>>> print(open('work_10.csv').read())   # CSV, C-alpha atoms
chain,number,residue,atom,x,y,z
A,42,MET,CA,40.5,115.1,200.2
A,43,SER,CA,37.6,116.4,198.1
A,44,SER,CA,37.2,114.9,194.7
A,45,TYR,CA,37.0,118.5,193.5
A,46,GLN,CA,40.7,118.8,193.7
A,47,LYS,CA,40.3,117.1,190.3
A,48,THR,CA,40.0,119.5,187.3
A,49,ILE,CA,36.7,120.0,185.5
A,50,TYR,CA,37.8,121.1,182.0
A,51,THR,CA,35.5,123.7,180.6
A,52,ASN,CA,35.4,125.4,177.1
A,53,PRO,CA,33.3,128.6,177.1
A,54,ASP,CA,33.8,128.8,173.3
A,55,ALA,CA,31.8,125.6,172.8
A,56,LYS,CA,28.6,127.6,173.4
A,57,THR,CA,29.0,129.3,170.0
A,58,TYR,CA,30.5,126.2,168.2
A,59,ARG,CA,28.3,125.2,165.3
A,60,LEU,CA,28.2,122.2,162.9
A,61,PRO,CA,26.0,121.3,159.9
A,62,GLU,CA,23.2,118.9,160.5
A,63,LEU,CA,23.8,115.3,159.5
A,64,ALA,CA,22.2,115.1,156.1
A,65,GLU,CA,21.8,111.3,156.2
A,66,ALA,CA,20.1,111.2,159.6
A,67,PRO,CA,16.6,110.3,158.2
A,68,ILE,CA,18.2,107.6,156.0
A,69,VAL,CA,20.1,106.2,159.0
A,70,LYS,CA,16.9,106.1,161.1
A,71,LYS,CA,14.9,104.4,158.4
A,72,PHE,CA,17.7,101.8,158.0
A,73,HIS,CA,17.6,101.1,161.8
A,74,GLU,CA,13.8,100.8,161.7
A,75,SER,CA,14.3,98.0,159.1
A,76,LEU,CA,16.4,95.9,161.5
A,77,PRO,CA,14.9,93.0,163.5
A,78,GLN,CA,13.6,94.0,167.0
A,79,TYR,CA,14.0,97.7,166.4
A,80,THR,CA,12.1,99.9,168.9
A,81,PRO,CA,13.2,103.1,170.6
A,82,THR,CA,15.0,102.5,173.9
A,83,PRO,CA,13.4,103.9,177.1
A,84,LEU,CA,14.0,107.4,178.4
A,85,VAL,CA,13.7,106.9,182.2
A,86,PRO,CA,13.2,109.8,184.6
A,87,LEU,CA,15.3,110.2,187.8
A,88,GLU,CA,12.6,112.0,189.8
A,89,GLU,CA,14.4,112.0,193.1
A,90,LEU,CA,17.5,113.8,191.7
A,91,THR,CA,15.3,116.1,189.7
A,92,LYS,CA,13.7,117.4,192.9
A,93,GLN,CA,17.0,117.2,194.9
A,94,TYR,CA,18.9,119.5,192.4
A,95,GLY,CA,15.9,121.7,191.7
A,96,VAL,CA,16.0,121.2,187.9
A,97,LYS,CA,13.3,120.7,185.3
A,98,SER,CA,14.2,117.1,184.5
A,99,ILE,CA,16.9,114.5,184.7
A,100,VAL,CA,16.5,111.4,182.5
A,101,VAL,CA,18.5,108.4,181.5
A,102,LYS,CA,18.5,107.0,177.9
A,103,ASP,CA,18.6,103.3,178.8
A,104,GLU,CA,20.6,101.4,176.0
A,105,GLY,CA,20.7,98.2,178.0
A,106,ASN,CA,18.6,96.4,175.3
A,107,ARG,CA,19.2,97.9,171.9
A,108,LEU,CA,18.1,95.6,169.1
A,109,GLY,CA,18.5,92.6,171.5
A,110,LEU,CA,22.0,93.5,172.3
A,111,PRO,CA,23.2,95.1,175.6
A,112,SER,CA,24.6,98.3,174.3
A,113,PHE,CA,24.1,101.3,172.0
A,114,LYS,CA,27.1,100.1,169.8
A,115,ILE,CA,24.9,98.2,167.4
A,116,LEU,CA,23.5,101.5,166.1
A,117,GLY,CA,26.9,102.5,164.8
A,118,ALA,CA,28.2,99.1,163.9
A,119,SER,CA,25.1,98.2,161.8
A,120,TRP,CA,25.1,101.4,159.8
A,121,GLY,CA,28.9,101.4,159.5
A,122,THR,CA,28.8,97.8,158.2
A,123,PHE,CA,25.9,98.5,155.8
A,124,ARG,CA,27.6,101.6,154.4
A,125,ALA,CA,31.0,100.0,154.1
A,126,ILE,CA,29.7,97.0,152.2
A,127,ALA,CA,27.5,99.1,150.0
A,128,SER,CA,30.4,101.4,149.2
A,129,LYS,CA,32.8,98.6,148.5
A,130,LEU,CA,30.4,96.9,146.1
A,131,ASN,CA,28.9,100.1,144.6
A,132,LEU,CA,25.4,99.4,145.9
A,133,PRO,CA,22.8,102.1,146.4
A,134,LEU,CA,21.7,103.0,150.0
A,135,GLU,CA,18.2,101.7,149.2
A,136,THR,CA,19.6,98.2,149.0
A,137,SER,CA,17.8,95.7,151.3
A,138,LEU,CA,19.6,93.7,153.8
A,139,ASP,CA,18.9,90.5,151.9
A,140,ASP,CA,20.4,91.9,148.7
A,141,LEU,CA,23.3,93.3,150.6
A,142,SER,CA,24.0,89.9,152.1
A,143,ARG,CA,23.8,88.1,148.8
A,144,ALA,CA,26.2,90.6,147.2
A,145,ALA,CA,28.6,90.4,150.2
A,146,ILE,CA,28.7,86.6,150.2
A,147,SER,CA,29.4,86.6,146.4
A,148,ALA,CA,32.3,89.0,147.0
A,149,SER,CA,33.7,86.7,149.9
A,150,ILE,CA,33.6,89.6,152.3
A,151,LYS,CA,34.9,89.0,155.9
A,152,LEU,CA,34.4,91.5,158.7
A,153,PHE,CA,37.1,92.4,161.1
A,154,ALA,CA,37.1,94.6,164.2
A,155,ALA,CA,39.0,95.4,167.5
A,156,THR,CA,37.0,95.9,170.6
A,157,ASP,CA,36.9,96.2,174.4
A,158,GLY,CA,33.6,94.3,174.3
A,159,ASN,CA,30.4,95.8,172.9
A,160,HIS,CA,31.6,97.1,169.5
A,161,GLY,CA,32.9,93.7,168.7
A,162,LYS,CA,29.7,91.9,169.7
A,163,ALA,CA,27.8,94.4,167.5
A,164,VAL,CA,30.0,93.7,164.5
A,165,ALA,CA,29.7,90.0,165.1
A,166,TYR,CA,25.9,90.4,165.2
A,167,MET,CA,25.9,92.1,161.9
A,168,ALA,CA,28.1,89.4,160.4
A,169,LYS,CA,25.7,86.8,161.6
A,170,LEU,CA,22.7,88.8,160.3
A,171,LEU,CA,24.4,89.0,156.8
A,172,HIS,CA,25.7,85.4,156.9
A,173,LEU,CA,29.3,86.6,156.7
A,174,PRO,CA,32.4,85.4,158.6
A,175,ALA,CA,34.0,87.7,161.2
A,176,GLU,CA,37.1,87.9,163.3
A,177,ILE,CA,37.1,90.1,166.4
A,178,PHE,CA,40.3,91.1,168.1
A,179,VAL,CA,40.3,91.8,171.9
A,180,PRO,CA,42.9,92.9,174.4
A,181,ALA,CA,43.9,90.3,176.9
A,182,ALA,CA,42.3,92.4,179.7
A,183,VAL,CA,38.8,91.8,178.2
A,184,LYS,CA,37.1,89.3,180.5
A,185,SER,CA,36.0,85.8,179.3
A,186,HIS,CA,32.3,86.8,179.7
A,187,ALA,CA,32.7,89.5,177.1
A,188,ARG,CA,34.7,87.2,174.8
A,189,GLU,CA,32.0,84.5,175.0
A,190,LEU,CA,29.3,87.0,174.1
A,191,ILE,CA,31.2,87.7,170.9
A,192,SER,CA,31.9,84.1,170.0
A,193,ASN,CA,28.2,83.3,170.7
A,194,GLU,CA,27.4,85.5,167.7
A,195,GLY,CA,29.5,83.1,165.6
A,196,ALA,CA,32.6,85.2,165.2
A,197,GLU,CA,36.2,84.1,165.7
A,198,VAL,CA,37.8,85.8,168.7
A,199,THR,CA,41.5,86.5,168.7
A,200,ILE,CA,43.2,87.7,171.9
A,201,ILE,CA,46.0,90.2,171.7
A,202,GLN,CA,48.7,90.6,174.4
A,203,GLY,CA,48.4,94.4,174.5
A,204,ASP,CA,46.1,97.3,175.1
A,205,TYR,CA,43.2,98.6,172.9
A,206,ASP,CA,45.4,100.6,170.6
A,207,ASP,CA,47.6,97.6,170.0
A,208,THR,CA,44.5,95.5,169.2
A,209,VAL,CA,43.3,98.0,166.6
A,210,LEU,CA,46.6,97.7,164.8
A,211,HIS,CA,46.5,93.9,164.8
A,212,ALA,CA,42.9,94.0,163.4
A,213,ALA,CA,43.9,96.5,160.7
A,214,GLU,CA,46.9,94.4,159.7
A,215,ARG,CA,44.9,91.2,159.5
A,216,THR,CA,42.3,92.9,157.4
A,217,ILE,CA,44.9,94.1,154.8
A,218,SER,CA,46.3,90.6,154.5
A,219,SER,CA,42.8,88.9,154.0
A,220,PRO,CA,41.2,88.9,150.6
A,221,GLY,CA,37.7,90.4,151.0
A,222,GLY,CA,38.6,91.8,154.4
A,223,LEU,CA,36.7,94.8,155.6
A,224,LEU,CA,37.6,96.6,158.9
A,225,ILE,CA,34.6,97.9,160.8
A,226,GLN,CA,36.3,100.1,163.4
A,227,ASP,CA,34.9,103.0,165.5
A,228,THR,CA,38.2,104.7,165.8
A,229,SER,CA,40.0,106.5,163.0
A,230,PHE,CA,43.7,106.7,162.1
A,231,GLU,CA,45.7,107.9,159.2
A,232,GLY,CA,44.2,106.5,156.0
A,233,TYR,CA,41.1,105.1,157.8
A,234,GLU,CA,38.5,107.8,158.3
A,235,GLU,CA,35.4,107.0,156.2
A,236,ILE,CA,34.0,103.9,158.0
A,237,PRO,CA,34.5,105.4,161.5
A,238,SER,CA,32.5,108.5,160.3
A,239,TRP,CA,29.7,106.2,159.2
A,240,ILE,CA,29.7,104.6,162.6
A,241,VAL,CA,29.4,108.0,164.2
A,242,ASP,CA,26.4,108.7,161.9
A,243,GLY,CA,24.7,105.6,163.1
A,244,TYR,CA,24.5,107.0,166.6
A,245,SER,CA,22.3,109.8,165.4
A,246,THR,CA,19.3,107.6,165.7
A,247,MET,CA,19.6,107.5,169.5
A,248,LEU,CA,19.8,111.3,169.7
A,249,HIS,CA,16.8,111.8,167.5
A,250,GLU,CA,14.8,109.3,169.7
A,251,VAL,CA,15.7,111.4,172.7
A,252,ASP,CA,14.5,114.5,170.9
A,253,SER,CA,11.1,112.9,170.1
A,254,GLN,CA,10.7,111.4,173.5
A,255,LEU,CA,11.3,114.7,175.3
A,256,GLU,CA,9.1,116.5,172.8
A,257,GLU,CA,6.2,114.3,173.9
A,258,GLN,CA,6.7,115.8,177.4
A,259,GLY,CA,7.0,119.3,176.1
A,260,LEU,CA,10.7,119.4,176.9
A,261,LYS,CA,14.0,120.0,175.1
A,262,PRO,CA,17.4,118.9,176.3
A,263,THR,CA,19.7,121.5,177.7
A,264,ILE,CA,22.6,119.2,178.9
A,265,ILE,CA,23.7,115.9,177.5
A,266,ILE,CA,26.1,113.8,179.5
A,267,THR,CA,28.0,111.2,177.4
A,268,PRO,CA,30.7,108.6,178.3
A,269,VAL,CA,33.8,108.8,176.1
A,270,GLY,CA,36.2,106.1,174.9
A,271,VAL,CA,37.8,107.0,171.5
A,272,GLY,CA,35.2,109.7,171.0
A,273,SER,CA,32.7,108.3,168.4
A,274,LEU,CA,29.5,108.6,170.4
A,275,ALA,CA,30.7,112.0,171.7
A,276,THR,CA,31.2,113.2,168.2
A,277,ALA,CA,27.6,112.2,167.4
A,278,VAL,CA,26.4,114.0,170.5
A,279,VAL,CA,28.3,117.2,169.6
A,280,THR,CA,27.0,117.1,166.1
A,281,TYR,CA,23.4,116.9,167.4
A,282,ALA,CA,24.0,119.4,170.2
A,283,LYS,CA,25.6,122.1,168.0
A,284,SER,CA,23.6,121.9,164.8
A,285,LYS,CA,20.1,123.0,163.6
A,286,GLY,CA,20.3,126.1,165.8
A,287,ARG,CA,20.8,124.1,169.0
A,288,SER,CA,23.4,125.0,171.6
A,289,ILE,CA,23.1,122.1,174.1
A,290,THR,CA,25.7,121.8,176.8
A,291,THR,CA,27.8,118.6,176.3
A,292,LEU,CA,29.6,117.0,179.3
A,293,ALA,CA,32.1,114.3,178.4
A,294,VAL,CA,32.9,111.7,181.1
A,295,GLU,CA,35.8,109.2,181.2
A,296,PRO,CA,37.4,106.9,183.8
A,297,ASP,CA,40.2,108.4,185.9
A,298,ALA,CA,42.4,105.6,184.6
A,299,ALA,CA,41.7,106.2,180.9
A,300,ALA,CA,41.1,109.9,180.4
A,301,CYS,CA,42.5,110.3,176.9
A,302,LEU,CA,40.1,113.0,175.8
A,303,HIS,CA,40.4,114.9,179.1
A,304,THR,CA,44.2,114.8,178.9
A,305,SER,CA,44.1,115.9,175.2
A,306,LEU,CA,41.6,118.8,175.9
A,307,LYS,CA,43.8,120.2,178.6
A,308,ALA,CA,46.9,119.9,176.4
A,309,GLY,CA,45.2,121.4,173.4
A,310,ARG,CA,46.3,118.5,171.1
A,311,ILE,CA,45.8,114.7,170.8
A,312,THR,CA,47.8,113.2,173.7
A,313,PRO,CA,48.0,109.4,173.8
A,314,ILE,CA,48.2,107.9,177.3
A,315,LYS,CA,48.8,104.5,178.8
A,316,THR,CA,45.7,103.3,180.6
A,317,SER,CA,45.9,101.3,183.9
A,318,GLY,CA,42.7,99.3,183.7
A,319,THR,CA,39.1,100.1,184.8
A,320,ILE,CA,35.8,98.4,185.3
A,321,MET,CA,34.5,100.8,182.6
A,322,THR,CA,36.2,98.6,180.0
A,323,GLY,CA,34.4,100.1,177.0
A,324,LEU,CA,36.0,103.4,177.9
A,325,ASP,CA,39.5,101.9,178.4
A,326,CYS,CA,41.1,103.7,175.5
A,327,GLY,CA,44.4,105.5,175.3
A,328,ARG,CA,44.0,107.7,172.3
A,329,VAL,CA,41.2,109.9,170.9
A,330,SER,CA,40.1,109.1,167.4
A,331,SER,CA,41.8,111.5,165.0
A,332,ALA,CA,38.5,112.2,163.2
A,333,ALA,CA,36.7,112.9,166.4
A,334,TRP,CA,39.3,115.2,167.8
A,335,PRO,CA,38.5,118.5,166.0
A,336,VAL,CA,34.8,118.2,166.7
A,337,LEU,CA,35.4,117.3,170.4
A,338,GLN,CA,38.0,120.0,170.9
A,339,GLY,CA,35.5,122.6,169.5
A,340,GLY,CA,32.2,121.4,170.8
A,341,ILE,CA,32.7,119.7,174.2
A,342,ASP,CA,31.6,122.2,176.9
A,343,ALA,CA,33.0,120.3,179.8
A,344,SER,CA,35.0,117.2,180.6
A,345,TYR,CA,35.3,115.3,183.8
A,346,THR,CA,36.7,112.0,185.0
A,347,VAL,CA,35.3,109.5,187.5
A,348,SER,CA,36.7,106.6,189.6
A,349,ASP,CA,35.7,103.0,189.3
A,350,LEU,CA,34.1,103.3,192.8
A,351,LEU,CA,32.0,106.2,191.8
A,352,SER,CA,30.9,104.4,188.7
A,353,HIS,CA,30.0,101.3,190.7
A,354,ASP,CA,28.0,103.5,193.2
A,355,ALA,CA,26.1,104.9,190.3
A,356,VAL,CA,25.3,101.4,189.0
A,357,VAL,CA,23.9,100.6,192.5
A,358,TYR,CA,22.0,103.8,192.7
A,359,MET,CA,20.1,103.1,189.4
A,360,ALA,CA,19.6,99.4,190.1
A,361,LYS,CA,17.7,100.4,193.3
A,362,ARG,CA,15.5,102.4,191.1
A,363,GLY,CA,14.9,99.7,188.5
A,364,ILE,CA,17.4,100.9,185.9
A,365,SER,CA,19.9,98.1,185.0
A,366,LEU,CA,23.1,99.5,183.6
A,367,GLY,CA,26.8,98.6,183.5
A,368,PRO,CA,29.6,100.8,184.7
A,369,CYS,CA,30.2,102.5,181.3
A,370,GLY,CA,26.5,103.3,181.2
A,371,ALA,CA,26.5,104.7,184.8
A,372,ALA,CA,29.6,106.9,184.3
A,373,GLY,CA,27.5,109.9,183.3
A,374,LEU,CA,25.4,109.7,186.5
A,375,ALA,CA,28.6,109.3,188.5
A,376,ALA,CA,29.8,112.6,187.1
A,377,LEU,CA,26.5,114.4,187.8
A,378,LEU,CA,26.4,113.2,191.4
A,379,GLU,CA,29.8,114.8,191.9
A,380,ILE,CA,29.4,118.0,189.9
A,381,ALA,CA,25.8,119.0,190.7
A,382,PRO,CA,26.1,119.5,194.5
A,383,GLU,CA,29.4,121.4,194.3
A,384,LYS,CA,30.0,122.9,190.9
A,385,PRO,CA,26.7,123.2,189.0
A,386,ALA,CA,27.7,126.3,187.2
A,387,SER,CA,30.5,124.4,185.4
A,388,ILE,CA,27.8,122.7,183.3
A,389,GLY,CA,25.2,125.4,183.5
A,390,LEU,CA,22.9,123.4,185.8
A,391,ASN,CA,20.0,125.5,186.9
A,392,SER,CA,16.2,125.4,187.5
A,393,ASP,CA,15.5,125.3,183.7
A,394,SER,CA,17.9,122.4,183.0
A,395,VAL,CA,16.8,119.2,181.2
A,396,VAL,CA,19.6,116.7,181.7
A,397,VAL,CA,20.0,113.7,179.5
A,398,ILE,CA,22.4,111.0,180.7
A,399,LEU,CA,23.3,108.4,178.0
A,400,GLY,CA,23.2,105.0,179.7
A,401,THR,CA,25.2,103.2,177.1
A,402,GLU,CA,25.4,99.6,178.3
A,403,GLY,CA,23.3,97.0,180.1
A,404,PRO,CA,24.5,95.2,183.3
A,405,ARG,CA,27.5,92.9,183.1
A,406,PRO,CA,29.9,91.2,185.5
A,407,TYR,CA,32.7,93.4,186.7
A,408,PHE,CA,33.3,92.9,190.4
A,409,ASP,CA,36.6,91.0,189.8
A,410,SER,CA,37.9,94.2,188.2
A,411,ILE,CA,37.3,96.6,191.1
>>> encode(input="work_10.csv", output="structure tokens")
Amino acid sequence: MSSYQKTIYTNPDAKTYRLPELAEAPIVKKFHESLPQYTPTPLVPLEELTKQYGVKSIVVKDEGNRLGLPSFKILGASWGTFRAIASKLNLPLETSLDDLSRAAISASIKLFAATDGNHGKAVAYMAKLLHLPAEIFVPAAVKSHARELISNEGAEVTIIQGDYDDTVLHAAERTISSPGGLLIQDTSFEGYEEIPSWIVDGYSTMLHEVDSQLEEQGLKPTIIITPVGVGSLATAVVTYAKSKGRSITTLAVEPDAAACLHTSLKAGRITPIKTSGTIMTGLDCGRVSSAAWPVLQGGIDASYTVSDLLSHDAVVYMAKRGISLGPCGAAGLAALLEIAPEKPASIGLNSDSVVVILGTEGPRPYFDSI
């Protein structure tokens, strides 16, 4: 049976959806530039596919080494952590990392987070950078390799017998019961919206890098393909794509087994689901962030889901061309390989298209999950 028995959700109204530009974007970028090892990540052309589909350009934003970590998540976690501590301690945004660290240590701040892998490692990295303790909660399904990467940053790792949503609740409860506790979470829920919004703001740096890198080639993006978990990165993508006079097509991609956004978009409301496991572990989320939902419902042009096998095939495709990404990072390419030959009009793919695939994570072991 053709995979195109699956539904491609499209929202024609997203073309005219508009958002205000993120006012803090220049401050966010300046902050990231102050972090150790900062450099823009590569924008890699997929020349074969560009010719095959007869478009202007197809490129991958390779986030496999972002600030020395294997994922884009550090962009959001670093800014979210900085803003959260600065807000809690009434410090100005011009505060240096050293001064922030000293103030946070004096206030006995401890960082908490729930994660499927990369977000927790990023929060643990920030805790180490600021000389703060951290406890990271992970669902039991998260593999030992990912847990070790977190603990190697110096954080305590606590395993929860439940899914991602259960893990978030445990992290939130532990934070409340801990003096000086600060939850750095990239999904929002009732009463917890501000820090997730700062994490979203942190991802703006990646998109402004894309803008500058394409501008050097005389190009502007017309389609951005983003993987989706709880929706934080996708919110940043829509904010960029639908502000400052832009109307860039946004394609959201999720695992077949964890399509919480796709399900919600079709239902017209947030619709929690029970996930059944996927090699795209960073996307294994059962509920869209409440703060992300209005933006995604209004601004996502198209939504599609891919199987683990298709994601794996996309990993292999890029590896053969010198691009090393994990299955979450390859999800966008997996979707394009299905949509472009059969249903290009669903995402407005044509000869003028400049397609940006957000390759959100570096390579990692996952074969035991297939």
>>> closest_residue(input="work_10.csv", among="A:Ala343, A:Cys369, A:Leu377, A:Leu390", to="Thr48 (chain A)", atoms="all atoms listed in the file")
A:Ala343
>>> closest_residue(input="work_10.csv", among="A:Leu90, A:Glu74, A:Leu337, A:Asp157", to="Tyr358 (chain A)", atoms="all atoms listed in the file")
A:Leu90
>>> residues_near_point(input="work_10.csv", point="(26.6, 104.1, 163.3)", cutoff="12 Å", atoms="all atoms listed in the file", output="PyMOL selection string")
chain A and resi 65-66+68-70+72-73+113-125+160+163-164+225-228+235-248+273-274+276-277
>>> atom_distance(input="work_10.csv", atom1="CA of Ala187 (chain A)", atom2="CA of Asn159 (chain A)")
7.9 Å
>>> residues_around(input="work_10.csv", residues="Gly232 (chain A)", least_positions_apart="6", cutoff="12 Å", atoms="only C-alpha atoms", output="short mmCIF file (atom, residue, chain, number, x, y, z; two decimals) with C-alpha atoms, in the frame of the given file")
data_model
loop_
_atom_site.label_atom_id
_atom_site.label_comp_id
_atom_site.auth_asym_id
_atom_site.auth_seq_id
_atom_site.Cartn_x
_atom_site.Cartn_y
_atom_site.Cartn_z
CA ALA A 213 43.90 96.50 160.70
CA SER A 331 41.80 111.50 165.00
CA ALA A 332 38.50 112.20 163.20
#
>>> atom_distance(input="work_10.csv", atom1="CA of Lys92 (chain A)", atom2="CA of Ser253 (chain A)")
23.4 Å
>>> residues_around(input="work_10.csv", residues="Ile311 (chain A)", least_positions_apart="3", cutoff="10 Å", atoms="all atoms listed in the file", output="number ranges by chain")
A: 301-308, 314, 328-331, 334-335, 338
>>> write_last_selection(input="work_10.csv", atoms="C-alpha atoms", output="PDB file, in the coordinates of the input")
ATOM      1  CA  CYS A 301      42.500 110.300 176.900  1.00  0.00           C
ATOM      2  CA  LEU A 302      40.100 113.000 175.800  1.00  0.00           C
ATOM      3  CA  HIS A 303      40.400 114.900 179.100  1.00  0.00           C
ATOM      4  CA  THR A 304      44.200 114.800 178.900  1.00  0.00           C
ATOM      5  CA  SER A 305      44.100 115.900 175.200  1.00  0.00           C
ATOM      6  CA  LEU A 306      41.600 118.800 175.900  1.00  0.00           C
ATOM      7  CA  LYS A 307      43.800 120.200 178.600  1.00  0.00           C
ATOM      8  CA  ALA A 308      46.900 119.900 176.400  1.00  0.00           C
ATOM      9  CA  ILE A 314      48.200 107.900 177.300  1.00  0.00           C
ATOM     10  CA  ARG A 328      44.000 107.700 172.300  1.00  0.00           C
ATOM     11  CA  VAL A 329      41.200 109.900 170.900  1.00  0.00           C
ATOM     12  CA  SER A 330      40.100 109.100 167.400  1.00  0.00           C
ATOM     13  CA  SER A 331      41.800 111.500 165.000  1.00  0.00           C
ATOM     14  CA  TRP A 334      39.300 115.200 167.800  1.00  0.00           C
ATOM     15  CA  PRO A 335      38.500 118.500 166.000  1.00  0.00           C
ATOM     16  CA  GLN A 338      38.000 120.000 170.900  1.00  0.00           C
TER      17      GLN A 338
END
>>> closest_residue(input="work_10.csv", among="A:Val395, A:Leu60, A:Asp103, A:Thr291", to="Lys261 (chain A)", atoms="all atoms listed in the file")
A:Val395
>>> closest_residue(input="work_10.csv", among="A:Gly203, A:Pro111, A:Gly400, A:Pro86", to="Ile266 (chain A)", atoms="all atoms listed in the file")
A:Gly400
>>> residues_around(input="work_10.csv", residues="Ile201 (chain A)", least_positions_apart="6", cutoff="6 Å", atoms="only C-alpha atoms", output="PyMOL selection string")
chain A and resi 179-181
>>> write_last_selection(input="work_10.csv", atoms="C-alpha atoms", output="compact mmCIF listing (two decimals), in the frame of the given file")
# COMPACT_ATOMS: atom_id res chain seq x y z
CA VAL A 179 40.30 91.80 171.90
CA PRO A 180 42.90 92.90 174.40
CA ALA A 181 43.90 90.30 176.90
>>> closest_residue(input="work_10.csv", among="A:His249, A:Arg188, A:Lys56, A:Arg310", to="Lys71 (chain A)", atoms="all atoms listed in the file")
A:His249
